[in-house]
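Q: Structure file work_6.cif (mmCIF, C-alpha atoms and all ligand atoms) is given on the next line.
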data_work
#
loop_
_atom_site.label_atom_id
_atom_site.label_comp_id
_atom_site.auth_asym_id
_atom_site.auth_seq_id
_atom_site.Cartn_x
_atom_site.Cartn_y
_atom_site.Cartn_z
CA MET A 1 -9.02 25.65 0.78
CA ILE A 2 -6.84 25.74 3.90
CA PHE A 3 -9.84 24.77 6.05
CA LYS A 4 -10.59 21.83 3.74
CA SER A 5 -6.94 20.71 3.91
CA TYR A 6 -7.18 20.96 7.69
CA GLN A 7 -10.36 18.85 7.81
CA ILE A 8 -8.85 16.09 5.67
CA LEU A 9 -5.55 16.06 7.55
CA TYR A 10 -7.37 16.04 10.90
CA LYS A 11 -9.15 12.85 9.85
CA VAL A 12 -5.84 11.20 8.91
CA LEU A 13 -3.68 12.43 11.79
CA ALA A 14 -6.23 12.43 14.61
CA LYS A 15 -8.72 9.77 13.55
CA SER A 16 -6.38 7.33 11.73
CA ALA A 17 -8.29 7.62 8.44
CA TYR A 18 -6.45 6.46 5.32
CA VAL A 19 -5.18 9.46 3.37
CA ASN A 20 -6.51 8.38 -0.06
CA ILE A 21 -9.98 7.68 1.36
CA ALA A 22 -10.12 10.91 3.40
CA LEU A 23 -8.94 12.89 0.39
CA ASN A 24 -11.42 11.32 -2.03
CA SER A 25 -14.39 12.00 0.19
CA GLY A 26 -13.13 15.45 1.23
CA LEU A 27 -12.66 16.65 -2.35
CA LYS A 28 -16.10 15.72 -3.67
CA SER A 29 -17.54 19.24 -3.91
CA VAL A 30 -14.28 21.10 -4.58
CA ASN A 31 -13.36 22.79 -7.90
CA GLU A 32 -10.41 21.46 -9.98
CA LYS A 33 -8.01 24.30 -9.16
CA ASP A 34 -8.50 24.01 -5.39
CA LYS A 35 -8.36 20.20 -5.61
CA LYS A 36 -4.77 20.40 -6.85
CA VAL A 37 -3.63 22.68 -4.04
CA ILE A 38 -5.45 20.72 -1.32
CA THR A 39 -4.04 17.43 -2.65
CA ARG A 40 -0.54 18.89 -2.66
CA ILE A 41 -0.89 20.17 0.92
CA VAL A 42 -2.44 16.94 2.24
CA TYR A 43 0.06 14.56 0.62
CA GLY A 44 2.89 17.00 1.31
CA VAL A 45 2.15 17.12 5.04
CA ILE A 46 1.83 13.32 5.25
CA GLU A 47 5.03 12.80 3.27
CA LYS A 48 6.93 15.20 5.54
CA ASN A 49 5.11 14.34 8.74
CA LEU A 50 8.17 13.30 10.77
CA PHE A 51 10.06 16.42 9.71
CA LEU A 52 7.10 18.61 10.71
CA GLU A 53 6.78 16.76 14.05
CA TYR A 54 10.46 17.35 14.70
CA ILE A 55 10.15 21.12 14.16
CA ILE A 56 7.08 21.31 16.41
CA LYS A 57 8.77 19.30 19.19
CA GLN A 58 11.84 21.55 19.09
CA LEU A 59 9.68 24.64 19.58
CA THR A 60 7.19 23.47 22.22
CA LYS A 61 7.65 22.25 25.81
CA LYS A 62 4.65 19.91 25.67
CA TYR A 63 3.32 18.39 22.44
CA PRO A 64 0.40 20.60 21.37
CA HIS A 65 -3.29 19.75 21.14
CA ILE A 66 -3.88 17.73 17.95
CA SER A 67 -5.84 20.58 16.28
CA ASP A 68 -2.92 22.95 16.91
CA ALA A 69 -0.48 20.32 15.62
CA VAL A 70 -2.43 19.99 12.35
CA ILE A 71 -2.59 23.79 11.89
CA LEU A 72 1.15 24.05 12.59
CA LYS A 73 2.00 21.21 10.19
CA ILE A 74 0.11 22.89 7.34
CA GLY A 75 1.83 26.21 8.08
CA ILE A 76 5.34 24.79 8.46
CA TYR A 77 4.90 22.68 5.33
CA GLN A 78 3.91 25.73 3.29
CA ILE A 79 6.80 27.80 4.63
CA TYR A 80 9.44 25.12 4.06
CA PHE A 81 8.26 23.30 0.94
CA MET A 82 5.84 25.52 -0.98
CA ASN A 83 7.88 28.70 -1.03
CA GLU A 84 4.92 30.67 0.27
CA PRO A 85 5.78 34.04 1.84
CA GLU A 86 5.98 33.50 5.59
CA TYR A 87 3.73 36.46 6.52
CA ALA A 88 0.93 35.22 4.23
CA VAL A 89 1.12 31.69 5.63
CA VAL A 90 1.12 32.95 9.22
CA ASN A 91 -1.90 35.19 8.50
CA ASN A 92 -3.86 32.30 6.99
CA MET A 93 -2.98 30.01 9.87
CA LEU A 94 -4.05 32.62 12.43
CA LYS A 95 -7.42 32.92 10.66
CA LEU A 96 -7.72 29.13 10.72
CA ALA A 97 -6.84 29.02 14.42
CA LYS A 98 -9.55 31.62 15.17
CA LYS A 99 -12.12 29.73 13.14
CA LEU A 100 -11.29 26.55 15.08
CA LYS A 101 -11.31 28.44 18.42
CA ARG A 102 -7.63 27.65 19.04
CA SER A 103 -5.07 30.15 20.35
CA PRO A 104 -3.69 32.32 17.51
CA SER A 105 -0.84 33.60 19.71
CA PHE A 106 0.49 30.08 20.24
CA ILE A 107 0.33 29.32 16.48
CA ASN A 108 1.99 32.66 15.72
CA ALA A 109 4.83 32.05 18.20
CA VAL A 110 5.69 28.63 16.74
CA LEU A 111 5.39 29.59 13.06
CA ARG A 112 7.54 32.72 13.48
CA ARG A 113 10.45 30.59 14.80
CA CYS A 114 10.06 27.51 12.62
CA LYS A 115 12.88 28.44 10.25
CA ASP A 116 15.38 28.77 13.14
CA VAL A 117 15.27 25.12 14.21
CA LYS A 118 18.57 23.21 14.01
CA MET A 119 18.48 19.86 12.27
CA PRO A 120 19.59 16.69 14.17
CA GLN A 121 23.21 15.51 14.02
CA ASP A 122 22.58 11.78 14.44
CA ASP A 123 22.67 9.89 11.11
CA TYR A 124 19.55 7.83 11.76
CA GLN A 125 17.60 10.85 12.97
CA LYS A 126 18.59 12.71 9.82
CA LYS A 127 17.55 9.82 7.56
CA SER A 128 14.33 9.41 9.46
CA LEU A 129 13.36 13.02 8.69
CA GLU A 130 14.54 12.76 5.09
CA TYR A 131 12.75 9.48 4.34
CA ASN A 132 9.76 10.17 6.61
CA ALA A 133 10.28 6.73 8.12
CA PRO A 134 10.80 5.91 11.79
CA VAL A 135 14.32 4.99 12.88
CA TRP A 136 13.19 1.44 13.72
CA ALA A 137 12.03 0.88 10.12
CA ILE A 138 15.33 2.12 8.67
CA LYS A 139 17.30 -0.11 11.05
CA GLU A 140 15.05 -3.09 10.33
CA LEU A 141 15.64 -2.74 6.58
CA GLU A 142 19.38 -2.27 7.00
CA LYS A 143 19.43 -5.45 9.11
CA ASP A 144 17.53 -7.33 6.38
CA TYR A 145 19.19 -5.98 3.22
CA GLY A 146 22.19 -3.80 4.12
CA ARG A 147 22.53 -0.04 4.14
CA GLN A 148 22.73 0.54 0.39
CA THR A 149 19.50 -1.30 -0.44
CA ALA A 150 17.71 0.33 2.49
CA ASP A 151 18.76 3.77 1.23
CA LEU A 152 17.73 2.93 -2.34
CA PHE A 153 14.37 1.68 -1.11
CA PHE A 154 13.54 4.73 0.99
CA SER A 155 14.85 7.31 -1.46
CA HIS A 156 13.13 5.84 -4.52
CA PRO A 157 11.01 8.58 -6.14
CA LYS A 158 7.23 8.34 -5.94
CA LYS A 159 5.54 6.90 -9.02
CA GLN A 160 3.58 9.43 -11.04
CA LEU A 161 1.99 6.86 -13.37
CA ILE A 162 -0.77 4.41 -12.49
CA HIS A 163 -0.58 0.72 -13.39
CA ILE A 164 -3.57 -0.75 -15.21
CA ARG A 165 -4.35 -3.91 -17.16
CA HIS A 166 -6.92 -4.83 -19.77
CA ASN A 167 -9.53 -7.54 -19.24
CA PRO A 168 -8.34 -10.36 -21.51
CA LYS A 169 -11.83 -11.89 -21.53
CA LYS A 170 -13.38 -8.74 -23.03
CA ILE A 171 -10.77 -7.03 -25.21
CA THR A 172 -7.49 -7.93 -26.91
CA SER A 173 -4.36 -6.07 -25.88
CA GLN A 174 -4.11 -4.69 -29.44
CA ASP A 175 -7.59 -3.16 -29.29
CA PHE A 176 -7.04 -1.87 -25.78
CA GLU A 177 -3.79 -0.16 -26.71
CA LYS A 178 -5.74 2.08 -29.11
CA TYR A 179 -6.97 3.95 -26.03
CA LEU A 180 -3.43 4.63 -24.77
CA ASP A 181 -0.99 7.40 -25.57
CA PHE A 182 2.47 5.82 -25.80
CA GLU A 183 4.13 9.24 -25.80
CA ARG A 184 3.48 9.19 -22.05
CA ASP A 185 2.07 5.76 -21.22
CA LYS A 186 4.25 2.67 -21.25
CA LYS A 187 3.83 -1.06 -21.55
CA THR A 188 5.06 -3.23 -18.66
CA GLU A 189 5.60 -6.97 -18.29
CA TYR A 190 1.90 -7.56 -17.63
CA GLY A 191 0.05 -4.27 -18.15
CA TYR A 192 0.59 -0.55 -18.66
CA TYR A 193 1.74 2.48 -16.69
CA VAL A 194 -0.60 5.30 -17.70
CA CYS A 195 -0.74 9.02 -16.95
CA HIS A 196 -3.72 10.74 -15.28
CA ASN A 197 -4.94 12.03 -18.64
CA THR A 198 -5.21 8.54 -20.10
CA LEU A 199 -6.94 7.30 -16.99
CA LYS A 200 -9.43 10.17 -17.24
CA LYS A 201 -10.16 9.22 -20.86
CA LEU A 202 -10.49 5.54 -19.95
CA ASN A 203 -13.08 6.44 -17.33
CA ASN A 204 -15.46 7.14 -20.23
CA ILE A 205 -15.26 3.62 -21.67
CA ASP A 206 -16.93 0.40 -20.49
CA ASN A 207 -15.35 -0.13 -17.06
CA SER A 208 -15.20 -3.91 -17.44
CA LEU A 209 -12.57 -3.56 -20.17
CA PHE A 210 -9.75 -2.57 -17.84
CA THR A 211 -8.85 -2.12 -14.20
CA VAL A 212 -6.22 -0.47 -12.04
CA GLN A 213 -3.96 -3.17 -10.63
CA SER A 214 -0.34 -2.89 -9.59
CA LEU A 215 2.31 -4.80 -11.47
CA GLY A 216 3.32 -6.49 -8.20
CA SER A 217 -0.22 -7.67 -7.52
CA MET A 218 -0.42 -9.10 -11.05
CA ALA A 219 2.93 -10.85 -10.58
CA VAL A 220 1.53 -12.69 -7.54
CA CYS A 221 -1.27 -14.11 -9.74
CA MET A 222 1.14 -15.03 -12.54
CA ALA A 223 3.26 -16.91 -9.98
CA ALA A 224 0.23 -19.09 -9.18
CA ASP A 225 0.35 -20.35 -12.79
CA VAL A 226 -3.35 -21.39 -12.77
CA GLN A 227 -4.47 -23.87 -15.42
CA ASP A 228 -7.91 -24.68 -16.85
CA GLY A 229 -9.80 -26.93 -14.44
CA ASP A 230 -7.87 -25.86 -11.31
CA LYS A 231 -9.77 -25.53 -8.04
CA VAL A 232 -8.49 -22.36 -6.42
CA LEU A 233 -8.98 -20.92 -2.91
CA ASP A 234 -8.09 -17.31 -2.11
CA VAL A 235 -8.18 -17.09 1.69
CA CYS A 236 -7.57 -13.32 2.16
CA ALA A 237 -9.28 -12.03 -0.94
CA ALA A 238 -10.79 -8.58 -0.36
CA PRO A 239 -11.09 -6.29 -2.24
CA GLY A 240 -10.73 -9.00 -4.87
CA GLY A 241 -7.90 -7.73 -7.10
CA LYS A 242 -6.06 -11.04 -7.26
CA SER A 243 -9.19 -13.24 -7.28
CA VAL A 244 -10.60 -11.47 -10.32
CA PHE A 245 -7.32 -11.58 -12.22
CA LEU A 246 -6.84 -15.29 -11.40
CA SER A 247 -10.27 -16.05 -12.73
CA GLN A 248 -9.42 -14.19 -15.96
CA LEU A 249 -6.20 -16.12 -16.47
CA ALA A 250 -7.77 -19.60 -16.89
CA LYS A 251 -11.07 -21.48 -16.58
CA ILE A 252 -10.83 -22.18 -12.87
CA SER A 253 -13.34 -22.64 -10.07
CA LEU A 254 -12.59 -20.11 -7.36
CA ILE A 255 -13.66 -19.53 -3.77
CA SER A 256 -12.72 -16.11 -2.37
CA CYS A 257 -12.87 -15.48 1.37
CA ASP A 258 -12.29 -12.66 3.80
CA ILE A 259 -12.87 -12.18 7.51
CA HIS A 260 -14.63 -8.81 7.22
CA PRO A 261 -18.24 -8.79 5.94
CA HIS A 262 -17.95 -5.21 4.64
CA ARG A 263 -14.88 -6.20 2.64
CA LEU A 264 -16.77 -9.09 1.03
CA GLU A 265 -19.00 -6.40 -0.46
CA LEU A 266 -15.91 -4.99 -2.18
CA ILE A 267 -15.19 -8.38 -3.78
CA ASN A 268 -18.82 -8.71 -4.87
CA SER A 269 -18.99 -5.31 -6.52
CA TYR A 270 -15.58 -5.72 -8.18
CA LYS A 271 -16.38 -9.17 -9.55
CA SER A 272 -19.70 -7.96 -10.99
CA ARG A 273 -18.04 -4.90 -12.53
CA MET A 274 -15.49 -7.16 -14.22
CA GLY A 275 -18.07 -9.81 -15.15
CA GLU A 276 -16.51 -12.61 -13.07
CA ASN A 277 -19.78 -13.89 -11.67
CA ASN A 278 -18.59 -17.45 -11.05
CA ILE A 279 -16.39 -16.50 -8.12
CA GLU A 280 -17.93 -17.85 -4.91
CA VAL A 281 -17.51 -15.30 -2.11
CA ILE A 282 -17.52 -16.63 1.47
CA LEU A 283 -17.09 -15.03 4.89
CA ASN A 284 -14.31 -16.97 6.59
CA ASP A 285 -11.55 -16.58 9.14
CA ALA A 286 -8.45 -18.12 7.52
CA THR A 287 -7.06 -19.19 10.90
CA LYS A 288 -10.05 -21.54 11.52
CA PHE A 289 -9.75 -24.96 9.91
CA ILE A 290 -12.62 -26.10 7.64
CA PRO A 291 -12.50 -29.93 7.47
CA GLN A 292 -14.58 -30.13 4.23
CA TRP A 293 -11.80 -28.26 2.39
CA GLU A 294 -8.98 -30.56 3.51
CA ARG A 295 -6.68 -31.38 0.52
CA ARG A 296 -9.36 -30.24 -1.94
CA PHE A 297 -7.56 -27.43 -3.81
CA ASP A 298 -4.96 -27.32 -6.58
CA VAL A 299 -3.97 -23.76 -5.68
CA VAL A 300 -4.34 -21.87 -2.40
CA LEU A 301 -3.47 -18.18 -2.30
CA CYS A 302 -2.49 -16.65 1.06
CA ASP A 303 -2.17 -12.93 0.32
CA VAL A 304 -1.92 -12.21 4.02
CA PRO A 305 -2.50 -8.96 5.93
CA CYS A 306 0.89 -7.30 6.42
CA SER A 307 2.63 -4.08 7.41
CA GLY A 308 2.40 -2.77 3.84
CA LEU A 309 5.92 -1.35 4.00
CA GLY A 310 6.44 -2.34 0.37
CA VAL A 311 3.80 0.15 -0.79
CA LEU A 312 5.35 3.07 1.09
CA ASN A 313 5.92 4.67 -2.29
CA SER A 314 2.22 4.93 -3.05
CA ARG A 315 0.91 4.99 0.54
CA SER A 316 2.88 7.55 2.48
CA ASP A 317 0.64 7.26 5.57
CA ILE A 318 1.72 3.66 6.36
CA PHE A 319 3.57 4.68 9.51
CA GLU A 320 0.48 6.44 10.84
CA HIS A 321 -1.03 2.96 11.18
CA LYS A 322 1.84 0.50 11.63
CA THR A 323 4.23 0.26 14.57
CA LEU A 324 6.82 -2.43 15.31
CA ASP A 325 4.49 -3.97 17.96
CA ILE A 326 1.61 -4.18 15.47
CA ILE A 327 3.93 -5.81 12.92
CA ASN A 328 5.18 -8.37 15.44
CA GLU A 329 1.56 -9.29 16.21
CA LEU A 330 0.86 -9.58 12.48
CA THR A 331 3.61 -12.18 12.03
CA LYS A 332 1.71 -14.53 14.38
CA LEU A 333 -1.45 -14.13 12.28
CA GLN A 334 0.52 -14.63 9.05
CA TYR A 335 1.97 -17.89 10.33
CA GLU A 336 -1.45 -19.12 11.50
CA ILE A 337 -2.95 -18.33 8.09
CA ILE A 338 -0.29 -20.19 6.08
CA SER A 339 -0.42 -23.18 8.47
CA THR A 340 -4.19 -23.55 8.39
CA SER A 341 -4.50 -22.87 4.65
CA SER A 342 -1.80 -25.38 3.74
CA LYS A 343 -4.16 -28.13 4.90
CA TYR A 344 -6.40 -27.38 1.93
CA VAL A 345 -3.68 -28.09 -0.65
CA ARG A 346 -4.03 -31.44 -2.44
CA GLN A 347 -1.01 -33.68 -3.06
CA GLY A 348 1.09 -32.02 -5.79
CA GLY A 349 -0.90 -28.80 -5.35
CA ARG A 350 0.66 -25.45 -4.47
CA LEU A 351 0.27 -22.62 -2.01
CA ILE A 352 1.29 -19.07 -2.85
CA TYR A 353 2.26 -16.91 0.13
CA SER A 354 2.44 -13.21 -0.69
CA THR A 355 2.67 -9.86 1.04
CA CYS A 356 3.19 -6.25 0.04
CA THR A 357 6.03 -5.77 2.49
CA ILE A 358 9.77 -6.12 2.38
CA LEU A 359 10.41 -7.12 6.00
CA LYS A 360 11.97 -10.57 6.27
CA LYS A 361 10.10 -11.33 9.49
CA GLU A 362 6.80 -11.16 7.54
CA ASN A 363 8.16 -12.91 4.46
CA GLN A 364 10.87 -15.55 4.19
CA ASP A 365 11.00 -16.08 7.97
CA ILE A 366 7.33 -17.13 7.92
CA VAL A 367 7.71 -19.44 4.92
CA ASN A 368 10.98 -20.94 6.21
CA LYS A 369 9.37 -21.67 9.58
CA PHE A 370 6.39 -23.22 7.78
CA LEU A 371 8.68 -25.49 5.72
CA ARG A 372 10.65 -26.54 8.82
CA ASN A 373 7.43 -27.54 10.57
CA ASN A 374 5.81 -29.18 7.50
CA PRO A 375 8.22 -31.60 5.85
CA ASP A 376 5.44 -32.76 3.49
CA PHE A 377 5.85 -29.38 1.72
CA GLU A 378 8.81 -28.14 -0.33
CA SER A 379 9.53 -24.77 -1.85
CA ALA A 380 9.10 -24.36 -5.61
CA PRO A 381 10.50 -21.69 -7.96
CA VAL A 382 8.44 -18.57 -8.57
CA ASN A 383 8.43 -17.81 -12.28
CA ILE A 384 7.51 -14.24 -13.10
CA ALA A 385 8.60 -11.83 -15.80
CA VAL A 386 9.21 -8.91 -13.43
CA ASN A 387 12.78 -8.17 -12.23
CA SER A 388 13.23 -8.95 -8.56
CA LEU A 389 15.61 -9.86 -5.78
CA ASN A 390 15.77 -13.64 -5.70
CA ILE A 391 16.03 -15.21 -2.27
CA GLY A 392 16.43 -18.91 -3.00
CA ASN A 393 13.13 -19.89 -4.59
CA TYR A 394 11.35 -16.82 -3.23
CA VAL A 395 11.16 -13.43 -4.92
CA GLN A 396 11.16 -9.99 -3.40
CA LEU A 397 10.00 -7.18 -5.66
CA MET A 398 11.62 -3.85 -4.84
CA PRO A 399 10.59 -0.43 -6.21
CA HIS A 400 14.12 0.39 -7.41
CA ILE A 401 14.55 -3.01 -9.10
CA SER A 402 11.07 -4.03 -10.19
CA ASP A 403 9.43 -0.69 -11.07
CA THR A 404 6.56 -1.60 -8.74
CA ASP A 405 5.80 -1.90 -5.04
CA GLY A 406 7.70 -4.18 -2.68
CA PHE A 407 5.78 -7.44 -2.98
CA PHE A 408 7.07 -10.79 -1.67
CA ILE A 409 6.07 -14.06 -3.36
CA ALA A 410 6.79 -17.64 -2.29
CA LYS A 411 5.46 -20.90 -3.65
CA VAL A 412 5.34 -24.15 -1.64
CA GLN A 413 4.13 -27.46 -2.98
CA ARG A 414 2.72 -30.52 -1.22
CA LYS A 415 5.01 -33.48 -2.03
C1 LIG B 1 -3.49 -7.89 1.61
S1 LIG B 1 -5.20 -7.83 1.82
C2 LIG B 1 -5.75 -8.87 0.50
C3 LIG B 1 -5.75 -8.20 -0.84
C4 LIG B 1 -6.42 -9.05 -1.90
N1 LIG B 1 -5.81 -10.35 -2.01
C5 LIG B 1 -6.43 -8.40 -3.26
O1 LIG B 1 -5.59 -8.69 -4.09
O2 LIG B 1 -7.31 -7.56 -3.51
C6 LIG B 1 -5.45 -8.88 3.19
C7 LIG B 1 -6.89 -9.21 3.48
O3 LIG B 1 -6.91 -10.17 4.54
C8 LIG B 1 -8.08 -9.99 5.29
N2 LIG B 1 -7.90 -10.71 6.57
C9 LIG B 1 -7.29 -10.30 7.70
N3 LIG B 1 -7.32 -11.28 8.62
C10 LIG B 1 -7.95 -12.33 8.04
C11 LIG B 1 -8.29 -13.64 8.50
N4 LIG B 1 -7.99 -14.06 9.74
N5 LIG B 1 -8.96 -14.43 7.66
C12 LIG B 1 -9.30 -14.02 6.40
N6 LIG B 1 -9.00 -12.81 5.93
C13 LIG B 1 -8.33 -11.97 6.75
C14 LIG B 1 -8.23 -8.49 5.37
O4 LIG B 1 -9.56 -8.14 5.63
C15 LIG B 1 -7.75 -8.05 3.97
O5 LIG B 1 -8.84 -7.89 3.14
#
As structure tokens, what does this structure read like?

A:
Amino acid sequence: MIFKSYQILYKVLAKSAYVNIALNSGLKSVNEKDKKVITRIVYGVIEKNLFLEYIIKQLTKKYPHISDAVILKIGIYQIYFMNEPEYAVVNNMLKLAKKLKRSPSFINAVLRRCKDVKMPQDDYQKKSLEYNAPVWAIKELEKDYGRQTADLFFSHPKKQLIHIRHNPKKITSQDFEKYLDFERDKKTEYGYYVCHNTLKKLNNIDNSLFTVQSLGSMAVCMAADVQDGDKVLDVCAAPGGKSVFLSQLAKISLISCDIHPHRLELINSYKSRMGENNIEVILNDATKFIPQWERRFDVVLCDVPCSGLGVLNSRSDIFEHKTLDIINELTKLQYEIISTSSKYVRQGGRLIYSTCTILKKENQDIVNKFLRNNPDFESAPVNIAVNSLNIGNYVQLMPHISDTDGFFIAKVQRK
């Protein structure tokens, strides 16, 4: 069990694997009881990673070899947050160190002193450990929204329920609700939050009748307000969540693109699972202009690659992959994508720009710059049923306000 936890965490912390993917593949042959413990250790370590790093750094002169760091993180996590007796944890970690041919005496020395470490005095350092977010991210959010909102955002509890929706082309909401247990599940503006038990039961029914999709992701599609006959282009479409929902909302013709061939496969398998076989899937780089598409579309969706800070609640490993430098580079790509894609919008047509982040530099700053440089476009109101922060015509979903991840949605229209 501990070895399995180590293997999964090593993939995430040393090889930059995504935690949900590493966990899913790592747990395939594990029994239910062990699965629970391993999942708790893996997510626990990732959710407390900065705290665990801090303890290790206080007790070592030079940052340890990555294998030692992973062993130590598991041990320190169990001692601090799982109420495991210290001697038992240390014994298990020494066995693990031996198995991995690492030095048990080093592991022993650090674990024995881990409870004696003094916590930092600086406010930002303290928050960083508490929220498991780097100081730069806390400061960035405070700059954008003020201290109170930043604190509310970072301290918002993790969601235990999963958001799903029914497939309106295959089943009515009334019939679908017969599968739900409203003692624990709840209806939302566009779908349902369901518990793991309900999801388990639903896995036995026809899998084209429903799908997991976040409320925020659905809100982006609702904002597009697609109508029968619309020609729609989704320029950053993989794995296809928004494309498939759009094509279930009205009788539209839809082209879905992505830059990565392997991600096009995800769109293809999702669209066939959901029975949306009319979606045309094309490999395309959204920063390269395609003259044949110029002013041809009623709706263009730019659901651009972003830092993902808005989904911190469900993806606690975000900061393993995103640094401020990476985010600054992303803003250039985001601007290129909206600029190029806007050329495909017909007169009177609209472009939806969306992200799953809450950083202004990836959101309103990009759209404002686009509008300044393209006077033939104007911003238009985003009409959605989900509560949000309204920033002029744009909306920012926030976990503590919207009961979903931090999505940003803007609509611009060609005059
Ligand atoms: C936020 S995800 C899209 C999620 C998708 N809209 C959905 O709802 O399932 C961003 C996507 O943009 C793609 N991407 C990144 N750079 C791109 C580019 N230059 N052109 C087209 N797609 C790109 C990524 O491969 C990724 O699949």

Q: Ranking A:Gly310, A:Asp298, A:Thr287, A:Ile138 by minimum distance to Tyr335 (chain A) and counting only C-alpha atoms, which one comes first?

A: A:Thr287

Q: Could you list, as a list in words, all protein and nucleic acid residues with an atom at most 6 Å from ligand LIG 1 (chain B), counting only C-alpha atoms and all ligand atoms?

A: Val235, Cys236, Ala237, Ala238, Pro239, Gly240, Gly241, Lys242, Asp258, Ile259, His260, Asn284, Asp285, Ala286, Thr287, Asp303, Val304 and Pro305 of chain A

Q: With only C-alpha atoms as the atoms that count, which of A:Asp234, A:Asp68, A:Asp144, A:Glu130 lies nearest to Leu301 (chain A)?

A: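 Of A:Asp234, A:Asp68, A:Asp144, A:Glu130, the one nearest Leu301 (chain A) is A:Asp234, counting only C-alpha atoms.
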
Q: For CA of Arg112 (chain A) and CA of Ile76 (chain A), quote the distance in Å rounded to one decimal.

A: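 According to the coordinates, CA of Arg112 (chain A) and CA of Ile76 (chain A) are separated by 9.6 Å.
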
Q: Measuring between only C-alpha atoms, which one of A:Ser402, A:Lys158, A:Arg165, A:Ser217 shows the shortest distance to Leu199 (chain A)?

A: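 Nearest to Leu199 (chain A): A:Arg165.
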
Q: Extract, using all atoms listed in the file, all DNA, RNA and protein residues at most 7 Å from Pro381 (chain A), discarding same-chain residues fewer than 5 positions from it, and format them as JSON, numbers by chain.

A: {"A": [393, 394, 411]}

Q: Hey, which of A:Ile162, A:Thr188, A:Leu50, A:Phe81 ends up closest to Lys127 (chain A)? Count all atoms listed in the file.

A: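 Selected residue with least distance to Lys127 (chain A): A:Leu50.
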
Q: Show me the residues around (-9.3, -29.4, 5.8) - criterion: an atom at most 12 Å away, all atoms listed in the file counted - as a VMD selection string.

A: chain A and resid 286 to 297 339 to 346

Q: How would region 119-129 of chain A look with N, CA, C and O atoms restored, written as a PDB file, keeping the file's coordinate frame?

A:
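File written: selection27.pdb
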ATOM      1  N   MET A 119      18.774  21.242  12.657  1.00  0.00           N
ATOM      2  CA  MET A 119      18.480  19.860  12.270  1.00  0.00           C
ATOM      3  C   MET A 119      19.308  18.881  13.136  1.00  0.00           C
ATOM      4  O   MET A 119      20.364  19.255  13.640  1.00  0.00           O
ATOM      5  N   PRO A 120      18.848  17.630  13.298  1.00  0.00           N
ATOM      6  CA  PRO A 120      19.590  16.690  14.170  1.00  0.00           C
ATOM      7  C   PRO A 120      20.951  16.323  13.585  1.00  0.00           C
ATOM      8  O   PRO A 120      21.143  16.398  12.368  1.00  0.00           O
ATOM      9  N   GLN A 121      21.858  15.892  14.455  1.00  0.00           N
ATOM     10  CA  GLN A 121      23.210  15.510  14.020  1.00  0.00           C
ATOM     11  C   GLN A 121      23.300  14.007  13.762  1.00  0.00           C
ATOM     12  O   GLN A 121      24.043  13.562  12.904  1.00  0.00           O
ATOM     13  N   ASP A 122      22.519  13.245  14.543  1.00  0.00           N
ATOM     14  CA  ASP A 122      22.580  11.780  14.440  1.00  0.00           C
ATOM     15  C   ASP A 122      22.146  11.315  13.037  1.00  0.00           C
ATOM     16  O   ASP A 122      21.132  11.779  12.513  1.00  0.00           O
ATOM     17  N   ASP A 123      22.929  10.377  12.465  1.00  0.00           N
ATOM     18  CA  ASP A 123      22.670   9.890  11.110  1.00  0.00           C
ATOM     19  C   ASP A 123      21.274   9.310  10.919  1.00  0.00           C
ATOM     20  O   ASP A 123      20.595   9.593   9.925  1.00  0.00           O
ATOM     21  N   TYR A 124      20.877   8.469  11.883  1.00  0.00           N
ATOM     22  CA  TYR A 124      19.550   7.830  11.760  1.00  0.00           C
ATOM     23  C   TYR A 124      18.419   8.846  11.897  1.00  0.00           C
ATOM     24  O   TYR A 124      17.418   8.774  11.209  1.00  0.00           O
ATOM     25  N   GLN A 125      18.617   9.797  12.809  1.00  0.00           N
ATOM     26  CA  GLN A 125      17.600  10.850  12.970  1.00  0.00           C
ATOM     27  C   GLN A 125      17.454  11.646  11.670  1.00  0.00           C
ATOM     28  O   GLN A 125      16.349  11.950  11.231  1.00  0.00           O
ATOM     29  N   LYS A 126      18.609  11.927  11.073  1.00  0.00           N
ATOM     30  CA  LYS A 126      18.590  12.710   9.820  1.00  0.00           C
ATOM     31  C   LYS A 126      17.856  11.945   8.735  1.00  0.00           C
ATOM     32  O   LYS A 126      16.989  12.476   8.043  1.00  0.00           O
ATOM     33  N   LYS A 127      18.205  10.637   8.591  1.00  0.00           N
ATOM     34  CA  LYS A 127      17.550   9.820   7.560  1.00  0.00           C
ATOM     35  C   LYS A 127      16.064   9.699   7.833  1.00  0.00           C
ATOM     36  O   LYS A 127      15.243   9.710   6.922  1.00  0.00           O
ATOM     37  N   SER A 128      15.737   9.571   9.099  1.00  0.00           N
ATOM     38  CA  SER A 128      14.330   9.410   9.460  1.00  0.00           C
ATOM     39  C   SER A 128      13.511  10.617   8.973  1.00  0.00           C
ATOM     40  O   SER A 128      12.415  10.459   8.421  1.00  0.00           O
ATOM     41  N   LEU A 129      14.067  11.814   9.143  1.00  0.00           N
ATOM     42  CA  LEU A 129      13.360  13.020   8.690  1.00  0.00           C
ATOM     43  C   LEU A 129      13.344  13.091   7.166  1.00  0.00           C
ATOM     44  O   LEU A 129      12.353  13.465   6.553  1.00  0.00           O
TER      45      LEU A 129
END
